[in-house]
file structure17.txt (compact mmCIF, C-alpha atoms and all ligand atoms)
# COMPACT_ATOMS: atom_id res chain seq x y z
CA MET A 1 -25.81 2.01 23.78
CA LYS A 2 -23.55 0.57 21.10
CA ARG A 3 -22.90 3.21 18.40
CA ILE A 4 -22.07 2.28 14.81
CA TYR A 5 -20.69 4.80 12.34
CA MET A 6 -21.31 3.98 8.68
CA ASP A 7 -21.20 7.49 7.26
CA HIS A 8 -17.58 7.77 6.12
CA GLY A 9 -18.69 9.47 2.92
CA ALA A 10 -19.79 12.42 5.06
CA THR A 11 -16.62 12.48 7.14
CA THR A 12 -14.21 10.12 8.86
CA PRO A 13 -12.85 10.02 12.42
CA MET A 14 -9.31 11.38 12.67
CA ARG A 15 -6.56 8.82 13.13
CA GLU A 16 -4.47 8.83 16.28
CA GLU A 17 -1.25 9.14 14.23
CA VAL A 18 -2.64 12.25 12.56
CA LEU A 19 -3.46 13.88 15.88
CA GLU A 20 0.02 13.03 17.18
CA ALA A 21 1.61 14.70 14.15
CA MET A 22 -0.54 17.81 14.60
CA LEU A 23 -0.10 18.32 18.35
CA PRO A 24 3.29 20.09 18.33
CA TYR A 25 1.86 22.57 15.80
CA LEU A 26 -1.14 23.23 18.02
CA LYS A 27 1.13 23.82 21.02
CA GLU A 28 4.70 25.05 20.85
CA ILE A 29 5.24 25.56 17.10
CA HIS A 30 3.07 28.59 16.54
CA GLY A 31 5.01 30.70 14.04
CA ASN A 32 3.69 32.18 10.82
CA PRO A 33 5.45 30.42 7.93
CA SER A 34 5.79 33.74 6.12
CA SER A 35 7.97 35.13 8.96
CA PHE A 36 11.74 35.15 8.51
CA HIS A 37 12.66 34.33 12.12
CA SER A 38 13.21 30.87 13.59
CA PHE A 39 9.55 30.58 14.71
CA GLY A 40 8.43 31.14 11.15
CA ARG A 41 11.02 28.76 9.76
CA GLU A 42 9.88 25.99 12.09
CA ALA A 43 6.30 26.34 10.89
CA ARG A 44 7.42 26.52 7.26
CA LYS A 45 9.40 23.30 7.69
CA GLY A 46 6.25 21.47 8.85
CA MET A 47 4.32 22.86 5.92
CA ASP A 48 7.03 22.02 3.37
CA GLU A 49 7.22 18.45 4.63
CA ALA A 50 3.45 18.07 4.40
CA ARG A 51 3.49 19.42 0.84
CA GLU A 52 6.13 16.85 -0.07
CA LYS A 53 4.02 14.08 1.45
CA VAL A 54 0.98 15.10 -0.57
CA ALA A 55 3.05 15.35 -3.77
CA ARG A 56 4.56 11.92 -3.15
CA ALA A 57 1.20 10.32 -2.35
CA LEU A 58 -0.24 11.60 -5.63
CA GLY A 59 2.82 10.98 -7.79
CA ALA A 60 3.06 14.70 -8.59
CA SER A 61 6.30 15.77 -10.24
CA SER A 62 6.98 18.47 -7.65
CA PRO A 63 5.62 19.74 -4.31
CA GLU A 64 5.11 23.06 -6.10
CA GLU A 65 2.13 21.49 -7.85
CA ILE A 66 0.29 21.23 -4.50
CA TYR A 67 -1.72 24.18 -3.15
CA PHE A 68 -3.31 24.00 0.28
CA THR A 69 -6.89 25.25 0.61
CA SER A 70 -9.51 25.27 3.35
CA SER A 71 -11.49 22.30 1.99
CA GLY A 72 -12.53 20.11 -0.88
CA THR A 73 -15.17 22.72 -1.62
CA GLU A 74 -12.61 25.48 -1.93
CA SER A 75 -10.34 23.32 -4.10
CA ASP A 76 -13.24 22.67 -6.47
CA ASN A 77 -14.16 26.37 -6.57
CA LEU A 78 -10.55 27.35 -7.22
CA ALA A 79 -10.11 24.78 -9.98
CA VAL A 80 -13.25 25.69 -11.88
CA LYS A 81 -13.31 29.44 -11.34
CA GLY A 82 -9.54 29.79 -11.49
CA ILE A 83 -9.39 28.18 -14.94
CA ALA A 84 -12.44 30.12 -16.13
CA ARG A 85 -10.79 33.40 -15.06
CA ALA A 86 -7.47 32.51 -16.64
CA LEU A 87 -8.82 31.33 -19.99
CA SER A 88 -11.91 33.47 -20.59
CA SER A 89 -10.19 35.23 -23.51
CA ARG A 90 -9.61 31.87 -25.20
CA GLY A 91 -13.03 30.34 -24.69
CA ASN A 92 -16.12 30.40 -22.52
CA HIS A 93 -17.40 26.83 -22.49
CA ILE A 94 -17.19 24.54 -19.45
CA ILE A 95 -18.30 20.92 -19.26
CA THR A 96 -19.20 18.97 -16.15
CA SER A 97 -21.52 16.11 -15.22
CA SER A 98 -24.97 16.25 -13.71
CA ILE A 99 -23.88 14.17 -10.69
CA GLU A 100 -20.99 16.28 -9.39
CA HIS A 101 -20.79 17.40 -5.79
CA HIS A 102 -22.43 20.82 -5.37
CA ALA A 103 -18.97 22.36 -4.93
CA VAL A 104 -18.40 21.78 -8.67
CA LEU A 105 -21.99 21.75 -9.88
CA ASP A 106 -23.00 25.07 -8.34
CA THR A 107 -19.71 26.76 -9.24
CA VAL A 108 -20.30 25.85 -12.88
CA LYS A 109 -23.94 27.00 -12.63
CA HIS A 110 -22.73 30.28 -11.16
CA LEU A 111 -20.36 30.77 -14.08
CA GLY A 112 -23.30 30.02 -16.37
CA GLU A 113 -25.19 32.90 -14.78
CA GLU A 114 -22.16 35.09 -15.45
CA GLY A 115 -22.36 34.30 -19.15
CA PHE A 116 -20.21 31.18 -19.54
CA GLU A 117 -21.63 28.45 -21.75
CA VAL A 118 -22.08 25.35 -19.62
CA THR A 119 -22.83 21.71 -20.40
CA PHE A 120 -24.00 19.18 -17.81
CA LEU A 121 -23.38 15.69 -19.15
CA PRO A 122 -26.03 13.05 -18.42
CA VAL A 123 -25.31 9.74 -16.71
CA ASP A 124 -26.72 6.27 -17.30
CA GLU A 125 -28.82 4.29 -14.82
CA TYR A 126 -25.65 3.36 -12.90
CA GLY A 127 -24.49 6.96 -12.56
CA MET A 128 -21.79 6.59 -15.21
CA VAL A 129 -20.75 9.37 -17.59
CA ASP A 130 -20.16 8.19 -21.19
CA PRO A 131 -16.82 9.51 -22.52
CA LYS A 132 -18.46 9.71 -25.97
CA ASP A 133 -20.87 12.31 -24.62
CA LEU A 134 -17.93 14.33 -23.38
CA GLU A 135 -16.23 14.07 -26.75
CA ALA A 136 -19.39 15.20 -28.52
CA ALA A 137 -19.81 18.17 -26.18
CA LEU A 138 -16.33 19.62 -26.82
CA THR A 139 -16.27 22.72 -29.02
CA ASP A 140 -13.47 25.06 -30.01
CA ARG A 141 -14.61 27.32 -27.19
CA THR A 142 -14.31 24.65 -24.46
CA ILE A 143 -11.66 25.47 -21.84
CA LEU A 144 -12.35 22.97 -19.05
CA ALA A 145 -14.07 19.70 -18.23
CA SER A 146 -14.57 18.75 -14.58
CA ILE A 147 -15.66 15.18 -13.83
CA MET A 148 -15.43 13.53 -10.42
CA MET A 149 -13.30 10.44 -9.91
CA ALA A 150 -15.91 8.70 -7.75
CA ASN A 151 -19.36 9.81 -6.74
CA ASN A 152 -20.02 10.56 -3.09
CA GLU A 153 -23.61 9.30 -3.03
CA VAL A 154 -23.70 6.16 -5.15
CA GLY A 155 -19.96 5.44 -5.32
CA THR A 156 -19.77 5.10 -9.11
CA ILE A 157 -16.19 5.35 -10.40
CA GLN A 158 -15.93 7.37 -13.60
CA PRO A 159 -13.60 6.64 -16.55
CA VAL A 160 -11.71 9.85 -15.81
CA GLU A 161 -8.41 8.91 -17.43
CA GLU A 162 -10.09 8.27 -20.76
CA MET A 163 -12.01 11.52 -20.46
CA ALA A 164 -8.84 13.47 -19.62
CA ARG A 165 -7.18 12.10 -22.77
CA ILE A 166 -10.16 13.08 -24.90
CA CYS A 167 -9.92 16.61 -23.49
CA HIS A 168 -6.19 16.83 -24.10
CA GLU A 169 -6.60 15.96 -27.78
CA LYS A 170 -8.55 19.22 -28.01
CA GLU A 171 -6.22 21.09 -25.63
CA VAL A 172 -8.92 21.35 -23.00
CA TYR A 173 -8.00 21.21 -19.32
CA PHE A 174 -9.34 18.36 -17.19
CA HIS A 175 -10.13 18.66 -13.48
CA THR A 176 -11.21 15.78 -11.28
CA ASP A 177 -12.78 15.97 -7.83
CA ALA A 178 -11.00 13.06 -6.15
CA VAL A 179 -12.31 13.84 -2.66
CA GLN A 180 -14.03 10.44 -2.28
CA ALA A 181 -11.31 8.52 -4.10
CA ILE A 182 -8.19 9.25 -2.05
CA GLY A 183 -7.24 6.22 0.02
CA HIS A 184 -9.58 3.95 -1.96
CA LEU A 185 -8.41 4.23 -5.57
CA PRO A 186 -4.78 4.45 -6.61
CA VAL A 187 -3.80 7.91 -7.86
CA ASN A 188 -0.58 8.40 -9.79
CA LEU A 189 -0.33 11.71 -11.59
CA GLU A 190 2.83 10.62 -13.38
CA LYS A 191 0.59 8.32 -15.40
CA GLN A 192 -2.85 9.86 -15.04
CA PRO A 193 -3.19 12.92 -17.24
CA PHE A 194 -5.21 15.21 -14.96
CA ASP A 195 -4.41 18.91 -14.97
CA LEU A 196 -6.13 19.60 -11.67
CA LEU A 197 -7.26 17.37 -8.79
CA SER A 198 -9.13 18.23 -5.58
CA LEU A 199 -8.85 16.44 -2.26
CA SER A 200 -10.01 16.95 1.33
CA ALA A 201 -8.34 15.54 4.45
CA HIS A 202 -11.47 14.79 6.49
CA LYS A 203 -12.59 12.18 3.96
CA PHE A 204 -9.48 10.07 4.64
CA TYR A 205 -9.08 10.18 8.43
CA GLY A 206 -7.49 13.63 8.51
CA PRO A 207 -8.69 16.87 10.09
CA LYS A 208 -11.69 18.87 8.85
CA GLY A 209 -11.32 22.21 7.13
CA ILE A 210 -8.21 21.45 5.12
CA GLY A 211 -7.88 20.48 1.47
CA ALA A 212 -5.49 20.69 -1.42
CA LEU A 213 -5.61 21.37 -5.12
CA TYR A 214 -3.09 19.74 -7.41
CA VAL A 215 -2.30 21.97 -10.39
CA ARG A 216 -0.02 20.46 -13.03
CA LYS A 217 3.01 22.59 -13.80
CA GLY A 218 2.32 25.03 -16.63
CA THR A 219 -1.48 25.05 -16.15
CA LYS A 220 -2.92 28.54 -16.52
CA ILE A 221 -5.00 29.39 -13.46
CA LYS A 222 -5.91 32.56 -11.61
CA GLN A 223 -6.54 33.21 -7.94
CA ILE A 224 -10.12 33.66 -6.69
CA LEU A 225 -9.18 35.03 -3.24
CA PHE A 226 -7.12 38.20 -2.87
CA GLY A 227 -4.73 39.05 -0.09
CA GLY A 228 -1.13 38.15 0.69
CA GLY A 229 1.30 36.13 -1.37
CA GLN A 230 0.84 32.70 0.24
CA GLU A 231 0.70 29.51 -1.80
CA ARG A 232 2.65 31.21 -4.59
CA LYS A 233 -0.08 33.86 -4.79
CA LEU A 234 -2.73 31.38 -5.91
CA ARG A 235 -4.33 31.07 -2.48
CA PRO A 236 -3.64 33.91 -0.05
CA SER A 237 -4.22 33.80 3.73
CA THR A 238 -2.07 32.57 6.60
CA GLU A 239 -1.76 28.83 6.31
CA ASN A 240 -3.47 26.51 8.79
CA ILE A 241 -0.25 24.75 9.75
CA PRO A 242 -1.60 22.12 12.21
CA ALA A 243 -4.23 21.06 9.69
CA ILE A 244 -1.73 21.05 6.82
CA VAL A 245 0.59 18.83 8.85
CA GLY A 246 -2.40 16.57 9.64
CA LEU A 247 -3.30 16.38 5.94
CA GLY A 248 0.27 15.37 5.10
CA ARG A 249 0.28 12.56 7.66
CA ALA A 250 -3.24 11.42 6.75
CA ILE A 251 -2.54 11.11 3.03
CA GLU A 252 0.71 9.29 3.68
CA LEU A 253 -1.25 6.67 5.64
CA ALA A 254 -4.21 6.69 3.25
CA VAL A 255 -2.20 5.60 0.23
CA GLU A 256 -0.49 2.70 2.05
CA ASN A 257 -1.70 -0.79 1.07
CA ILE A 258 -4.66 0.41 -0.98
CA PRO A 259 -5.28 -3.01 -2.61
CA GLU A 260 -5.47 -4.79 0.77
CA LYS A 261 -7.63 -2.10 2.36
CA SER A 262 -9.95 -1.99 -0.62
CA ALA A 263 -10.33 -5.76 -0.65
CA ALA A 264 -11.30 -5.77 3.03
CA LEU A 265 -13.83 -2.96 2.59
CA THR A 266 -15.25 -4.56 -0.55
CA ALA A 267 -15.83 -7.81 1.32
CA LEU A 268 -17.65 -5.93 4.09
CA ARG A 269 -19.65 -3.95 1.53
CA ASP A 270 -20.71 -7.10 -0.30
CA ARG A 271 -21.76 -8.73 2.98
CA LEU A 272 -23.97 -5.70 3.64
CA PHE A 273 -25.44 -5.70 0.12
CA LYS A 274 -26.12 -9.44 0.23
CA GLY A 275 -27.66 -9.31 3.70
CA LEU A 276 -29.92 -6.40 2.84
CA GLN A 277 -31.11 -8.05 -0.38
CA GLU A 278 -31.77 -11.36 1.35
CA GLU A 279 -33.51 -9.93 4.38
CA ILE A 280 -35.55 -7.03 2.99
CA GLU A 281 -38.04 -7.21 0.15
CA ASP A 282 -38.42 -4.56 -2.52
CA ILE A 283 -35.13 -2.81 -2.29
CA ARG A 284 -33.21 -1.49 -5.24
CA VAL A 285 -29.44 -1.20 -5.47
CA ASN A 286 -28.22 2.19 -6.72
CA GLY A 287 -24.92 2.80 -8.47
CA HIS A 288 -22.69 0.60 -10.59
CA PRO A 289 -22.52 -3.14 -9.78
CA THR A 290 -18.70 -3.32 -10.09
CA GLN A 291 -17.26 0.13 -10.82
CA ARG A 292 -17.96 1.49 -7.37
CA LEU A 293 -16.11 2.67 -4.27
CA PRO A 294 -15.19 -0.23 -1.97
CA GLY A 295 -17.11 1.09 1.04
CA ASN A 296 -20.25 2.42 -0.65
CA VAL A 297 -23.69 0.84 -0.41
CA ASN A 298 -26.66 2.79 -1.74
CA ILE A 299 -30.16 1.34 -1.80
CA SER A 300 -33.71 2.55 -2.24
CA VAL A 301 -36.29 1.03 0.09
CA ALA A 302 -39.75 1.04 -1.48
CA TYR A 303 -42.81 2.35 0.40
CA VAL A 304 -40.91 4.22 3.12
CA GLU A 305 -39.15 7.56 3.51
CA GLY A 306 -35.38 7.49 3.87
CA GLU A 307 -35.59 10.17 6.55
CA SER A 308 -37.86 8.03 8.75
CA ILE A 309 -35.43 5.15 8.46
CA LEU A 310 -32.51 7.42 9.36
CA LEU A 311 -34.29 8.57 12.50
CA SER A 312 -35.09 5.04 13.61
CA LEU A 313 -31.54 3.86 12.93
CA ASP A 314 -30.17 6.83 14.84
CA LEU A 315 -32.26 5.79 17.85
CA LYS A 316 -30.41 2.49 17.67
CA GLY A 317 -27.05 4.28 17.50
CA ILE A 318 -26.52 3.61 13.79
CA ALA A 319 -25.31 6.52 11.66
CA ILE A 320 -25.89 6.52 7.88
CA SER A 321 -27.14 9.10 5.31
CA SER A 322 -29.99 9.49 2.94
CA GLY A 323 -28.79 11.03 -0.31
CA SER A 324 -25.69 12.99 0.66
CA ALA A 325 -25.05 14.85 3.91
CA CYS A 326 -25.05 18.14 2.05
CA THR A 327 -28.61 17.67 0.81
CA SER A 328 -30.24 15.79 3.67
CA GLY A 329 -32.41 18.14 5.64
CA ALA A 330 -33.46 19.74 2.37
CA LEU A 331 -36.67 18.50 0.80
CA ASP A 332 -35.26 18.06 -2.69
CA PRO A 333 -34.45 14.50 -3.60
CA SER A 334 -30.80 13.81 -4.45
CA HIS A 335 -29.78 15.34 -7.80
CA VAL A 336 -27.57 12.31 -8.35
CA LEU A 337 -30.40 9.77 -8.04
CA MET A 338 -32.69 11.97 -10.16
CA ALA A 339 -30.01 12.20 -12.88
CA MET A 340 -29.83 8.37 -12.82
CA GLY A 341 -33.52 8.29 -13.66
CA LEU A 342 -35.06 7.36 -10.31
CA ASP A 343 -38.53 8.74 -9.65
CA HIS A 344 -39.07 11.11 -6.71
CA GLN A 345 -40.52 8.50 -4.41
CA THR A 346 -37.75 5.96 -4.97
CA ALA A 347 -35.13 8.67 -4.54
CA HIS A 348 -36.75 9.73 -1.26
CA GLY A 349 -36.50 6.17 0.03
CA SER A 350 -32.77 5.98 -0.59
CA LEU A 351 -30.06 5.27 1.96
CA ARG A 352 -26.28 5.50 1.81
CA PHE A 353 -24.05 3.36 3.99
CA SER A 354 -20.39 4.28 3.67
CA LEU A 355 -18.11 1.85 5.43
CA GLY A 356 -14.73 2.57 6.92
CA LYS A 357 -11.75 0.78 8.37
CA GLU A 358 -13.17 0.49 11.89
CA ASN A 359 -16.38 -1.27 10.83
CA SER A 360 -16.66 -5.03 11.47
CA GLU A 361 -18.71 -7.97 10.19
CA GLU A 362 -20.61 -7.97 13.49
CA GLU A 363 -21.56 -4.35 12.93
CA VAL A 364 -22.69 -5.10 9.39
CA ASP A 365 -24.86 -7.97 10.64
CA TYR A 366 -26.36 -5.81 13.39
CA VAL A 367 -27.18 -3.09 10.86
CA ILE A 368 -28.90 -5.58 8.54
CA GLU A 369 -30.97 -6.97 11.42
CA SER A 370 -31.88 -3.49 12.68
CA LEU A 371 -32.83 -2.19 9.28
CA LYS A 372 -35.02 -5.24 8.57
CA GLU A 373 -36.95 -4.64 11.79
CA ILE A 374 -37.33 -0.90 11.13
CA VAL A 375 -38.46 -1.31 7.53
CA GLU A 376 -41.05 -3.93 8.53
CA ARG A 377 -42.43 -1.62 11.21
CA LEU A 378 -42.51 1.46 8.97
CA ARG A 379 -44.11 -0.45 6.11
CA LYS A 380 -46.91 -1.65 8.38
CA MET A 381 -47.73 2.00 9.04
CA SER A 382 -47.38 3.04 5.39
CA SER A 383 -50.54 3.68 3.37
CA VAL A 384 -48.80 2.88 0.07
CA TYR A 385 -47.58 -0.54 1.20
CA LYS A 386 -50.22 -3.12 0.36
CA LYS A 387 -48.89 -6.57 1.14
C1 LIG B 401 -17.04 16.00 0.82
C2 LIG B 401 -16.89 16.29 -0.63
C3 LIG B 401 -16.56 17.56 -1.10
C4 LIG B 401 -16.42 18.74 -0.17
O1 LIG B 401 -15.29 18.65 0.64
P1 LIG B 401 -15.26 19.54 1.99
O2 LIG B 401 -13.85 19.42 2.45
O3 LIG B 401 -16.23 18.93 2.93
O4 LIG B 401 -15.61 20.93 1.59
C5 LIG B 401 -16.39 17.75 -2.45
N1 LIG B 401 -16.55 16.73 -3.32
C6 LIG B 401 -16.86 15.49 -2.92
C7 LIG B 401 -17.00 14.41 -3.92
C8 LIG B 401 -17.05 15.23 -1.56
O5 LIG B 401 -17.39 14.00 -1.17

call {"tool": "encode", "arguments": {"input": "structure17.txt", "output": "structure tokens", "more": "lines below"}}
Ligand SMILES: *Cc1c(COP(=O)(O)O)cnc(C)c1O
result
Amino acid sequence: MKRIYMDHGATTPMREEVLEAMLPYLKEIHGNPSSFHSFGREARKGMDEAREKVARALGASSPEEIYFTSSGTESDNLAVKGIARALSSRGNHIITSSIEHHAVLDTVKHLGEEGFEVTFLPVDEYGMVDPKDLEAALTDRTILASIMMANNEVGTIQPVEEMARICHEKEVYFHTDAVQAIGHLPVNLEKQPFDLLSLSAHKFYGPKGIGALYVRKGTKIKQILFGGGQERKLRPSTENIPAIVGLGRAIELAVENIPEKSAALTALRDRLFKGLQEEIEDIRVNGHPTQRLPGNVNISVAYVEGESILLSLDLKGIAISSGSACTSGALDPSHVLMAMGLDHQTAHGSLRFSLGKENSEEEVDYVIESLKEIVERLRKMSSVYKK
């Protein structure tokens, strides 16, 4: 059976070039970069080069601003908790949005349970945060705002630069979760005033279980893990060298030709949107019409459950998500769609297609055709569908 992968928002396949770069570090180069001997130095060289690649890809002023972590989740935890720990004597108020990934959302909630004051900014019907709401929420106790660059479920791109500037006027740190943005949106930290930025390799054709946190020089942050002195004491534990090397190679490739790659994905995305809207009745498009990730298509299909559609598509070899991968399986509808004002039933009928570089027009057309057939069949069996 033909298999079609349209779930790049959940994870991406690793590129051949990335595997090639990693292989020597999975085989002969096995040293611990903290060791002084030649084995250690070899491993450290691979790590240092990867750190330089990440810094260059982001436009960071120095590789020392890059800290390797185990994931996007850990980077988000470190950013939010690390700032909270460092600045708790100055203030206790943290701002985020109601549509963040759980790695930020639940970390902020956890700090709320510890006694921090927390604000969850609302979004409009397109999943967009209004910078004016952020401005209004700032108090003299605010220490951090964390707003994602692009949403993983509906793809909405937030005005993060404007929000970072608003924060800086009040000397408040700004963190952005850029996990979905890397490789799709240009990032240049020379110009973009973010204090902290999270990324994760497996979202841009790198290995799983490796991430990085950018921390602008001079930013006050404290460690949340305790152990050795790795990563300049901010993130102890022996570094995952093969994965770090893979991250370095993956980000180098991800930031090449972003305009061309985005244009190609956008064209494919629009073909999918158009086909779905022409072929299937009563579907609703979720997310912003223009300010959205190039590969993201999110729709709600009335009168049917998203989960039933997923199952039927999977039987045809087509892989997509309902809501986000982290919440599917759970019965709760997506917190992102609920924050955008969708009712439970509409949210439950929602599907996310996230396209990637290996998808083709033929695949898009096959998916449209398959989904049309599945929706018609499921609607015939649905008691709420009366047409
Ligand atoms: C995938 C994702 C994460 C989590 O990254 P992991 O490396 O899988 O832990 C965080 N934020 C966003 C927006 C994501 O899409």

call {"tool": "residues_around", "arguments": {"input": "structure17.txt", "residues": "Asn359 (chain A)", "least_positions_apart": "3", "cutoff": "9 Å", "atoms": "all atoms listed in the file", "output": "PyMOL selection string"}}
result
chain A and resi 4-6+265+268+355-356+362-364

call {"tool": "closest_atom_pairs", "arguments": {"input": "structure17.txt", "of": "chain A", "to": "ligand LIG 401 (chain B)", "cutoff": "9 Å", "atoms": "all atoms listed in the file", "output": "CSV"}}
result
residue,atom,partner,partner_atom,distance
A:Gly9,CA,B:LIG401,O5,6.2
A:Ala10,CA,B:LIG401,C1,6.2
A:Thr11,CA,B:LIG401,C1,7.2
A:Ser70,CA,B:LIG401,O2,7.3
A:Ser71,CA,B:LIG401,O2,3.8
A:Gly72,CA,B:LIG401,O1,3.5
A:Thr73,CA,B:LIG401,O4,3.7
A:Glu74,CA,B:LIG401,O4,6.5
A:Ser75,CA,B:LIG401,O4,8.1
A:Asp76,CA,B:LIG401,C5,7.1
A:Glu100,CA,B:LIG401,C7,7.0
A:His101,CA,B:LIG401,N1,5.0
A:His102,CA,B:LIG401,C5,7.4
A:Ala103,CA,B:LIG401,C5,5.8
A:Val104,CA,B:LIG401,N1,7.6
A:Met148,CA,B:LIG401,C7,6.7
A:Met149,CA,B:LIG401,C7,8.1
A:Ala150,CA,B:LIG401,C7,7.0
A:Asn151,CA,B:LIG401,C7,5.9
A:Asn152,CA,B:LIG401,O5,4.7
A:Glu153,CA,B:LIG401,O5,8.0
A:Asp177,CA,B:LIG401,N1,5.9
A:Ala178,CA,B:LIG401,C7,6.5
A:Val179,CA,B:LIG401,C6,4.8
A:Gln180,CA,B:LIG401,O5,5.0
A:Ala181,CA,B:LIG401,C7,8.2
A:Ser198,CA,B:LIG401,N1,7.9
A:Leu199,CA,B:LIG401,O1,7.4
A:Ser200,CA,B:LIG401,O2,4.7
A:Ala201,CA,B:LIG401,O2,7.0
A:His202,CA,B:LIG401,O2,6.6
A:Lys203,CA,B:LIG401,C1,6.7
A:Lys208,CA,B:LIG401,O2,6.8
A:Gly209,CA,B:LIG401,O2,6.0
A:Ile210,CA,B:LIG401,O2,6.6
A:Gly211,CA,B:LIG401,O2,6.1
A:Ser324,CA,B:LIG401,O5,8.6
A:Ala325,CA,B:LIG401,C1,8.7
A:Cys326,CA,B:LIG401,C1,8.4

call {"tool": "closest_residue", "arguments": {"input": "structure17.txt", "among": "A:Val129, A:Ala267, A:Ile83, A:Ala57", "to": "Glu162 (chain A)", "atoms": "only C-alpha atoms"}}
result
A:Val129

call {"tool": "atom_distance", "arguments": {"input": "structure17.txt", "atom1": "CA of Arg235 (chain A)", "atom2": "CA of Ile95 (chain A)"}}
result
24.1 Å

call {"tool": "atom_distance", "arguments": {"input": "structure17.txt", "atom1": "CA of Ile309 (chain A)", "atom2": "CA of Asp270 (chain A)"}}
result
21.1 Å

call {"tool": "residues_around", "arguments": {"input": "structure17.txt", "residues": "Leu378 (chain A)", "least_positions_apart": "2", "cutoff": "10 Å", "atoms": "only C-alpha atoms", "output": "list of chain:residue names"}}
result
A:Tyr303, A:Val304, A:Glu305, A:Ser308, A:Ile309, A:Ser312, A:Glu373, A:Ile374, A:Val375, A:Glu376, A:Lys380, A:Met381, A:Ser382, A:Tyr385

call {"tool": "closest_residue", "arguments": {"input": "structure17.txt", "among": "A:His335, A:Leu87, A:Lys170, A:Glu125", "to": "Asp106 (chain A)", "atoms": "all atoms listed in the file"}}
result
A:His335

call {"tool": "axis_aligned_box", "arguments": {"input": "structure17.txt", "around": "region 115-132 of chain A", "padding_each_side": "4 Å", "output": "AutoDock Vina command-line options"}}
result
--center_x -22.8 --center_y 18.8 --center_z -19.3 --size_x 20.0 --size_y 38.9 --size_z 21.4

call {"tool": "decode", "arguments": {"input": "structure17.txt", "residues": "region 186-197 of chain A", "atoms": "N, CA, C and O atoms", "output": "PDB file, in the first residue's frame"}}
result
ATOM      1  N   PRO A 186      11.989  32.938   8.635  1.00  0.00           N
ATOM      2  CA  PRO A 186      13.362  33.388   8.862  1.00  0.00           C
ATOM      3  C   PRO A 186      13.554  33.837  10.318  1.00  0.00           C
ATOM      4  O   PRO A 186      12.697  34.512  10.876  1.00  0.00           O
ATOM      5  N   VAL A 187      14.637  33.397  10.925  1.00  0.00           N
ATOM      6  CA  VAL A 187      14.961  33.841  12.284  1.00  0.00           C
ATOM      7  C   VAL A 187      16.315  34.532  12.206  1.00  0.00           C
ATOM      8  O   VAL A 187      17.251  34.002  11.623  1.00  0.00           O
ATOM      9  N   ASN A 188      16.392  35.730  12.742  1.00  0.00           N
ATOM     10  CA  ASN A 188      17.664  36.442  12.802  1.00  0.00           C
ATOM     11  C   ASN A 188      17.719  37.231  14.107  1.00  0.00           C
ATOM     12  O   ASN A 188      17.155  38.309  14.229  1.00  0.00           O
ATOM     13  N   LEU A 189      18.412  36.654  15.071  1.00  0.00           N
ATOM     14  CA  LEU A 189      18.413  37.225  16.416  1.00  0.00           C
ATOM     15  C   LEU A 189      19.260  38.485  16.536  1.00  0.00           C
ATOM     16  O   LEU A 189      19.248  39.136  17.578  1.00  0.00           O
ATOM     17  N   GLU A 190      19.970  38.833  15.456  1.00  0.00           N
ATOM     18  CA  GLU A 190      20.644  40.125  15.444  1.00  0.00           C
ATOM     19  C   GLU A 190      19.587  41.224  15.396  1.00  0.00           C
ATOM     20  O   GLU A 190      19.748  42.290  15.952  1.00  0.00           O
ATOM     21  N   LYS A 191      18.494  40.919  14.657  1.00  0.00           N
ATOM     22  CA  LYS A 191      17.452  41.928  14.467  1.00  0.00           C
ATOM     23  C   LYS A 191      16.240  41.678  15.354  1.00  0.00           C
ATOM     24  O   LYS A 191      15.547  42.603  15.748  1.00  0.00           O
ATOM     25  N   GLN A 192      15.947  40.413  15.619  1.00  0.00           N
ATOM     26  CA  GLN A 192      14.752  40.103  16.402  1.00  0.00           C
ATOM     27  C   GLN A 192      15.102  40.100  17.896  1.00  0.00           C
ATOM     28  O   GLN A 192      15.994  39.368  18.319  1.00  0.00           O
ATOM     29  N   PRO A 193      14.378  40.893  18.671  1.00  0.00           N
ATOM     30  CA  PRO A 193      14.802  41.132  20.050  1.00  0.00           C
ATOM     31  C   PRO A 193      14.317  40.081  21.056  1.00  0.00           C
ATOM     32  O   PRO A 193      13.796  40.429  22.110  1.00  0.00           O
ATOM     33  N   PHE A 194      14.501  38.809  20.760  1.00  0.00           N
ATOM     34  CA  PHE A 194      14.075  37.794  21.731  1.00  0.00           C
ATOM     35  C   PHE A 194      15.206  37.530  22.725  1.00  0.00           C
ATOM     36  O   PHE A 194      16.374  37.501  22.349  1.00  0.00           O
ATOM     37  N   ASP A 195      14.848  37.310  23.975  1.00  0.00           N
ATOM     38  CA  ASP A 195      15.859  36.999  24.983  1.00  0.00           C
ATOM     39  C   ASP A 195      16.121  35.502  25.027  1.00  0.00           C
ATOM     40  O   ASP A 195      17.231  35.080  25.326  1.00  0.00           O
ATOM     41  N   LEU A 196      15.065  34.732  24.763  1.00  0.00           N
ATOM     42  CA  LEU A 196      15.204  33.281  24.790  1.00  0.00           C
ATOM     43  C   LEU A 196      14.385  32.686  23.646  1.00  0.00           C
ATOM     44  O   LEU A 196      13.317  33.217  23.303  1.00  0.00           O
ATOM     45  N   LEU A 197      14.883  31.598  23.061  1.00  0.00           N
ATOM     46  CA  LEU A 197      14.171  30.949  21.946  1.00  0.00           C
ATOM     47  C   LEU A 197      14.411  29.446  22.021  1.00  0.00           C
ATOM     48  O   LEU A 197      15.543  28.994  22.180  1.00  0.00           O
TER      49      LEU A 197
END
